[in-house]
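J.: Before anything else, here's the structure in question.
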Amino acid sequence: MATILAEGDEAAKPRENDVPEAVVVRFAGDSGDGMQLTGGQFTLSTALAGNDLATFPDFPAEIRAPIGTLFGVSAFQINFGSTEITTAGDQPDVLVAMNPAALKTNVAALKAGGLIIADSGEFNKRNLEKAKYEANPLEDGSLAKWDLLAFDISALTVEAVKPFGLGNKDALRCKNMWTLGLALWMFDRDRQPIIDGLNAKFKGDKKILADANIAALNAGHAYGETAELAGPLKKLHLEPSPSPAGLYRTVTGAESVSYGLVAGAQLAKLPMFFGGYPITPASAILHNLVKMKEFGVTTFQAEDEIAAICAAIGASYAGQLGVTSSSGPGIALKGEAMGLAIMTELPLVIVNSQRGGPSTGLPTKTEQSDLYQAVYGRNGDAPIPVIAARSPADCFEVAIEACRIAVQYMTPVILLTDGYIANAAEPWKVPNPADFAEFPVEFLEEKNGDGPEETRVVLPFKRDDKGVRPWIKPGTPGLMHRIGGIEKAVDTGNIDYSPLAHQTQTDARKAKIDGIAASIPDQDVALGQAGGKLAVVGWGSTYGPIHQAVRRMRAKGLDVSHVHVRHIWPLPQNLGELLHSYDHVLVPEMNTGQFKTVLRDQFLVDAKPLTKTSGQPFTIAELQEAIATFFDGIPGNEGGEVDADDTQLPSTKAVNP
Amino acid sequence: MNDMSPIQTTLKDWESDQEVRWCPGCGDYAILKAVQRTLPEIGADPANTVFVSGIGCSSRFPYYVESYGFHTIHGRAPAFATGIKLANPELDVWLVTGDGDGLSIGGNHTMHILRRNLNCQILLFNNEIYGLTKGQYSPTSRLGTPSPSSPVGSVDRPAQPAALALGAGARFVARGFDVSKELSGVLKAAHAHKGAAFVEIFQNCIVYNKDRFEDFAAPKGAEGSQLWLKNGEPMLFGSEKSGGVKGIALNIDHLHLEVVDVVDGDWQAAGVIVHDVTNRAIAHMLVEMPFGPFPMALGVLYDDPRPTFEDELLGQDRQVNAGKSADLGKLLAKGQTWTVTEGGPEL
């Protein structure tokens, strides 16, 4: 791939008072060090300070990987600032490394001149060996291109919590709060919300843990304030970012999907039934919904993925809104049951929090590689609507839309999110559920056949002008009928394998799903305009990096626009025309080019893929580089594959060639 | 079962307008009639009755009953039934499955519906063969069964449906066979049981496994080969004509059942035990009792209800929800929030 000329990154460009608009901090430590908690708490305090932010939790698949190992490193990255933030940031400005393994796996991604804060107490012989360091990097000068602050956080923490008489092991567990305290000082953040949170979490006989953690937090903060530190450690105050007025909170994709599903069921005036089976990273949806039962939600943890979807279909058959959720391997198991829901034309929402595949793949990393599975992955001609959320907050609206399509078209609907969206948090302007249009369901109550009342029959598969059959609840007097997975006669739904019946019903099922396109909005242009040299077309969680990359390239005067597609199947009616209005179309995806194939097939458009399958989101720089290939005058270098490297962050080669 | 006021129907009311498509002479016809005869007798309401099935010959059953019916996918009927029942506990759910559907591809779901104790009737038609796929040996086929997929005889040891059900935690286990006059009584008992009621019904596959159960199901010699269990009555079978009245006794020294001769009707002297449907230990012995040395144990082998899954789950939900309002707007605005005003954030 061609490289773009190095040019100042606007977001990180120093302003007059030398305070950047945005800062990227990465906390990295052992999986037992509490980095996700530290990151989450820092996120909260950042949101409360009015900065816009995006986060990227990155953790190993092992629950308690052996201490100090390279594969046991857990990291949490946050990008926050006084401008609009849509990605978790490319390269950290600050890396907090709690042990040698955390340093080793993350330091290569750190911005040149960035700051490393390391717990020197953990850089002992044993841990250095585990991290495969031959010499101590804190002492051998190998970190010279970065600013380094190394001090014994372990010892300082133990000292700070001494009055509480904890054992050494428990005392060391407060290390993350000490580090958080220091980070809060660095970025001028209020400690009180964290203190309140700790007091709420540890009560009664656990109060001593709250006290110890608060002491560690305060000690870390005080260390920043009072220690006579030379050089890099200094206090930064980032101005609040401008946002539309309103009430805000932070939300993860898993929370937002759950709220959206509940809102969708409410708008449909239906109770909701959720069938689930534990799987990473989808389980969080089940965990959220069990706490929302007062909203007419029944949750069922089934014996397997198949039973989870079958129970949800059973509930839909009985008149509730059936919902199931999983990740790729579980979705594969649900395939046959999806076919039944398509065949019996029952509403159902299937949420897929995508992760790296195939098979078990990368359970805790993100990927967008289940698009083919969603659009095409069933036996027979089995059309199913597919929609994709682009961010944690977007999940709310998309979940409502999935519920609407499911009940209005009597069809299963697949909602795609991914591991990144499910786990990441972002500020969310709290929506008012009353602002959404209701789509109340009407069940059939009377026989719908023709003729005089006494001979009238029920026709469970009589279609309306949109090709939709009526929804009939068992328990309704006089409307007894049978449905199943066998091909059926028009109107009556009786078993019918005849050539005409199968041809007619296959056509009718396809026409019904195709017709959904009439009920969805036209495709808009997220940034830029219709027509021009290049459209960067994305779907799902690539929204943030694409948007920023296009914004920056447009600022350089390049004729590039961003189109982000929510409705993957059926596609918006105007999308073909829109794509043909550009000279070139680039489709960045975290897979080997799946949406690109769909677009080529549907619109005969020469879409070029930009693929990445390292389990990490795109960086803005990678996308800028790919956009530049359309403007550099070198033929044939457009698109391709983003290089992977061994750090836990996206390729640095793209940024520091 | 459900606590609904019984409604008046006849066998005719339960016949759908669909042509029955089983092979002529199939045992399924007799079971269908037995069910259609039983439903009016228990006061069932067609509008409130749902037959759910998987895939296989037996699973075509719902199409022929004039009620609500859902012909689902292979082996998964218990999962659909669970969703239906949790969505509407008022529905009277009958699950129809077979030895392949319920014990092979769907064995997992059968186990879980039983241990959870969903209130429904599970009718497992056991013909010891795969009929719809043309005669392969099934998980209940006897050792050495020759079939298109086991030309020299099957080597898999057969599963015992009733034993599996009891092992999975079933609180009601019964047995009957297709042409038996007693089948309706067994179905009524299953319906009267609140919870998952498992009924194994031996069924003659006229084409691929003809007369497999003749050695106990044939009218001739039935007295000596069938043990019809009745709660509170001694476990007696046979007659003078069949070679003497016999009974089942418990060998206390070796903890197993044995067949004993009853002389002059004095079953107590012979040590014959009285059937107690709530005795789980004896039930375990009855379901394992090998036919041949023993008669075939039929009727209600075990019946000891426990709280049902839907009552427990929905009851817990009601308890948790008590006093909570369902205001989504309020929930979304809960927790740590901040307000942004036109001029910037207000902290």
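Every chain in the structure tokens has a letter given in the order shown (A, B, ...), and although residue numbers restart at 1 in each chain, ligands are simply numbered from 1 in the order shown.
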Per residue of chain A within 8 Å of chain B, which atom pair is closest and at what distance in Å (one decimal), using only C-alpha atoms, listed by chain and increasing number, as a tab-separated table?
T.:
```
residue	atom	partner	partner_atom	distance
A:Ala47	CA	B:Trp338	CA	7.9
A:Leu48	CA	B:Trp338	CA	6.2
A:Ala49	CA	B:Leu347	CA	6.8
A:Gly50	CA	B:Pro345	CA	5.8
A:Pro240	CA	B:Pro345	CA	6.7
A:Ser241	CA	B:Gly344	CA	7.7
A:Pro242	CA	B:Gly344	CA	6.1
A:Ser243	CA	B:Val340	CA	7.0
A:Pro244	CA	B:Val340	CA	7.0
A:Ala245	CA	B:Thr341	CA	4.6
A:Gly246	CA	B:Val340	CA	5.2
A:Leu247	CA	B:Thr339	CA	4.4
A:Tyr248	CA	B:Trp338	CA	5.1
A:Arg249	CA	B:Thr337	CA	4.5
A:Thr250	CA	B:Thr337	CA	7.7
A:Tyr259	CA	B:Leu332	CA	7.9
A:Ala263	CA	B:Leu328	CA	7.3
A:Phe273	CA	B:Ala87	CA	7.2
A:Lys293	CA	B:Asn321	CA	6.6
A:Glu294	CA	B:Asn321	CA	5.0
A:Phe295	CA	B:Ala326	CA	5.1
A:Thr298	CA	B:Leu314	CA	7.8
A:Glu303	CA	B:His112	CA	6.9
A:Ile306	CA	B:Arg76	CA	7.8
A:Ala307	CA	B:Ala79	CA	5.0
A:Ala308	CA	B:Ala79	CA	7.4
A:Cys310	CA	B:Phe80	CA	5.0
A:Ala311	CA	B:Gly83	CA	3.9
A:Ala312	CA	B:Gly83	CA	5.8
A:Ile313	CA	B:Phe80	CA	6.7
A:Gly314	CA	B:Phe80	CA	4.4
A:Ala315	CA	B:Gly83	CA	4.4
A:Ser316	CA	B:Ile84	CA	7.8
A:Tyr317	CA	B:Ile84	CA	7.0
A:Ala318	CA	B:Ile84	CA	5.4
A:Gly319	CA	B:Ala87	CA	7.3
A:Gln320	CA	B:Ala87	CA	6.4
A:Glu336	CA	B:Ile73	CA	7.7
A:Ala337	CA	B:Ile73	CA	7.1
A:Leu340	CA	B:Thr72	CA	7.1
A:Val430	CA	B:Ala333	CA	6.4
A:Pro431	CA	B:Gly329	CA	7.5
A:Asn432	CA	B:Gly329	CA	5.7
A:Pro433	CA	B:Gly329	CA	6.0
A:Pro474	CA	B:Tyr68	CA	6.0
A:Gly475	CA	B:Asn48	CA	4.4
A:Thr476	CA	B:Ala47	CA	5.9
A:Pro477	CA	B:Ala47	CA	5.0
A:Gly478	CA	B:Ala47	CA	6.5
A:Leu479	CA	B:Ala47	CA	7.3
A:Met480	CA	B:Tyr68	CA	4.8
A:His481	CA	B:Tyr68	CA	5.2
A:Arg482	CA	B:Gly69	CA	4.4
A:Ile483	CA	B:Phe70	CA	5.2
A:Gly484	CA	B:His71	CA	4.3
A:Gly485	CA	B:Thr72	CA	6.1
A:Asn494	CA	B:Gln18	CA	7.9
```
J.: I want to know what sits within 7 Å of stretch 348-352 of chain A, based on only C-alpha atoms, with residues of the same chain fewer than 6 positions away left out; could you give that as a count of residues only?
T.: 21
J.: If you run DSSP on the backbone here, which positions in stretch 435-525 of chain A get helix (DSSP H, G or I)? Please write them as a ChimeraX atom specification.
T.: /A:435,453-455,499-519
J.: Using N, CA and C atoms, can you write the selected residues to a file as a JSON list (two decimals), in the first residue's frame?
T.:
```
[["chain", "number", "residue", "atom", "x", "y", "z"],
["A", 435, "ASP", "N", -40.50, 9.61, 22.12],
["A", 435, "ASP", "CA", -40.25, 10.26, 20.84],
["A", 435, "ASP", "C", -40.31, 9.30, 19.65],
["A", 453, "GLU", "N", -70.59, -16.34, 7.17],
["A", 453, "GLU", "CA", -69.95, -16.60, 8.45],
["A", 453, "GLU", "C", -69.90, -18.08, 8.83],
["A", 454, "GLU", "N", -71.00, -18.79, 8.54],
["A", 454, "GLU", "CA", -71.06, -20.19, 9.03],
["A", 454, "GLU", "C", -70.08, -21.12, 8.31],
["A", 455, "THR", "N", -69.67, -20.76, 7.09],
["A", 455, "THR", "CA", -68.71, -21.64, 6.39],
["A", 455, "THR", "C", -67.33, -20.99, 6.29],
["A", 499, "PRO", "N", -45.32, -28.44, -7.05],
["A", 499, "PRO", "CA", -44.39, -27.48, -7.68],
["A", 499, "PRO", "C", -44.90, -26.05, -7.60],
["A", 500, "LEU", "N", -46.17, -25.88, -7.86],
["A", 500, "LEU", "CA", -46.70, -24.52, -7.88],
["A", 500, "LEU", "C", -46.66, -23.88, -6.48],
["A", 501, "ALA", "N", -46.97, -24.69, -5.47],
["A", 501, "ALA", "CA", -46.99, -24.16, -4.11],
["A", 501, "ALA", "C", -45.59, -23.68, -3.72],
["A", 502, "HIS", "N", -44.56, -24.49, -4.00],
["A", 502, "HIS", "CA", -43.21, -24.10, -3.58],
["A", 502, "HIS", "C", -42.73, -22.88, -4.35],
["A", 503, "GLN", "N", -43.02, -22.87, -5.66],
["A", 503, "GLN", "CA", -42.62, -21.71, -6.46],
["A", 503, "GLN", "C", -43.30, -20.44, -5.93],
["A", 504, "THR", "N", -44.60, -20.56, -5.69],
["A", 504, "THR", "CA", -45.37, -19.39, -5.25],
["A", 504, "THR", "C", -44.90, -18.90, -3.89],
["A", 505, "GLN", "N", -44.70, -19.84, -2.97],
["A", 505, "GLN", "CA", -44.33, -19.43, -1.61],
["A", 505, "GLN", "C", -42.89, -18.92, -1.56],
["A", 506, "THR", "N", -42.00, -19.53, -2.33],
["A", 506, "THR", "CA", -40.61, -19.02, -2.37],
["A", 506, "THR", "C", -40.62, -17.57, -2.87],
["A", 507, "ASP", "N", -41.37, -17.35, -3.92],
["A", 507, "ASP", "CA", -41.47, -15.99, -4.48],
["A", 507, "ASP", "C", -42.08, -15.03, -3.45],
["A", 508, "ALA", "N", -43.11, -15.50, -2.77],
["A", 508, "ALA", "CA", -43.82, -14.63, -1.81],
["A", 508, "ALA", "C", -42.92, -14.28, -0.64],
["A", 509, "ARG", "N", -42.14, -15.25, -0.16],
["A", 509, "ARG", "CA", -41.24, -14.97, 0.97],
["A", 509, "ARG", "C", -40.17, -13.95, 0.55],
["A", 510, "LYS", "N", -39.66, -14.13, -0.66],
["A", 510, "LYS", "CA", -38.63, -13.20, -1.14],
["A", 510, "LYS", "C", -39.22, -11.80, -1.35],
["A", 511, "ALA", "N", -40.39, -11.75, -1.98],
["A", 511, "ALA", "CA", -41.00, -10.45, -2.28],
["A", 511, "ALA", "C", -41.30, -9.70, -0.98],
["A", 512, "LYS", "N", -41.74, -10.43, 0.05],
["A", 512, "LYS", "CA", -42.06, -9.78, 1.32],
["A", 512, "LYS", "C", -40.81, -9.10, 1.90],
["A", 513, "ILE", "N", -39.70, -9.82, 1.92],
["A", 513, "ILE", "CA", -38.48, -9.26, 2.50],
["A", 513, "ILE", "C", -37.94, -8.13, 1.63],
["A", 514, "ASP", "N", -37.95, -8.33, 0.31],
["A", 514, "ASP", "CA", -37.50, -7.25, -0.59],
["A", 514, "ASP", "C", -38.33, -5.99, -0.35],
["A", 515, "GLY", "N", -39.62, -6.19, -0.09],
["A", 515, "GLY", "CA", -40.54, -5.07, 0.09],
["A", 515, "GLY", "C", -40.25, -4.23, 1.32],
["A", 516, "ILE", "N", -39.47, -4.77, 2.25],
["A", 516, "ILE", "CA", -39.13, -4.00, 3.45],
["A", 516, "ILE", "C", -38.38, -2.72, 3.06],
["A", 517, "ALA", "N", -37.66, -2.79, 1.94],
["A", 517, "ALA", "CA", -36.89, -1.62, 1.48],
["A", 517, "ALA", "C", -37.78, -0.39, 1.37],
["A", 518, "ALA", "N", -39.06, -0.60, 1.08],
["A", 518, "ALA", "CA", -39.98, 0.54, 0.94],
["A", 518, "ALA", "C", -40.26, 1.20, 2.29],
["A", 519, "SER", "N", -39.97, 0.49, 3.39],
["A", 519, "SER", "CA", -40.31, 1.06, 4.70],
["A", 519, "SER", "C", -39.10, 1.65, 5.41]]
```
J.: Could you pull out all residues of stretch 38-169 of chain B with a DSSP call of strand (DSSP E or B) and give them as an mmCIF file with C-alpha atoms, in the first residue's frame?
T.:
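The resulting file, states26.cif, is shown below:
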```cif
data_model
loop_
_atom_site.group_PDB
_atom_site.id
_atom_site.type_symbol
_atom_site.label_atom_id
_atom_site.label_comp_id
_atom_site.auth_asym_id
_atom_site.auth_seq_id
_atom_site.Cartn_x
_atom_site.Cartn_y
_atom_site.Cartn_z
ATOM 1 C CA THR B 49 -54.779 -26.789 23.344
ATOM 2 C CA VAL B 50 -51.465 -26.820 21.497
ATOM 3 C CA PHE B 51 -49.795 -29.873 20.021
ATOM 4 C CA VAL B 52 -46.089 -29.348 19.423
ATOM 5 C CA SER B 53 -43.905 -31.818 17.591
ATOM 6 C CA VAL B 65 -55.807 -32.726 15.621
ATOM 7 C CA TYR B 68 -53.495 -25.271 17.616
ATOM 8 C CA GLY B 69 -50.470 -27.129 16.314
ATOM 9 C CA PHE B 70 -46.806 -26.432 15.645
ATOM 10 C CA HIS B 71 -44.729 -28.890 13.619
ATOM 11 C CA ASP B 92 -52.484 -26.898 27.524
ATOM 12 C CA VAL B 93 -49.387 -28.163 25.763
ATOM 13 C CA TRP B 94 -48.938 -31.673 24.376
ATOM 14 C CA LEU B 95 -45.600 -32.620 22.980
ATOM 15 C CA VAL B 96 -45.416 -35.450 20.464
ATOM 16 C CA THR B 97 -42.060 -37.002 19.688
ATOM 17 C CA GLY B 98 -40.453 -40.290 18.746
ATOM 18 C CA CYS B 120 -46.993 -30.431 29.661
ATOM 19 C CA GLN B 121 -47.635 -33.929 28.388
ATOM 20 C CA ILE B 122 -44.770 -35.580 26.504
ATOM 21 C CA LEU B 123 -45.851 -38.502 24.336
ATOM 22 C CA LEU B 124 -42.837 -40.422 23.045
ATOM 23 C CA PHE B 125 -43.873 -42.870 20.339
ATOM 24 C CA ASN B 126 -41.290 -45.628 20.524
ATOM 25 C CA ILE B 129 -36.745 -47.552 14.257
ATOM 26 C CA TYR B 137 -31.877 -48.432 13.424
ATOM 27 C CA SER B 147 -31.399 -52.127 8.907
ATOM 28 C CA SER B 150 -26.696 -51.709 9.949
#
```
J.: As an exercise, work out the distance from atom CA of A:Asp381 to atom CA of A:Leu604 in Å and give it to one decimal place.
T.: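 Between atom CA of A:Asp381 and atom CA of A:Leu604 the gap is 21.7 Å.
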J.: Please list as a list in words every residue within 6 Å of stretch 249-256 of chain B, counting only C-alpha atoms and excluding residues in the same chain fewer than 5 positions away.
T.: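 Neighbouring residues, sequence-local ones excluded: Gly271, Val272 and Ile273 of chain B.
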J.: Please compute the atom CA of A:Leu53-atom CA of A:Ala530 distance, one decimal, in Å.
T.: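 The value is 29.4 Å.
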J.: Might you pull out every residue within 10 Å of A:Ser154, with only C-alpha atoms counted and same-chain residues fewer than 5 positions away left off, and present them as a count of residues only?
T.: 15
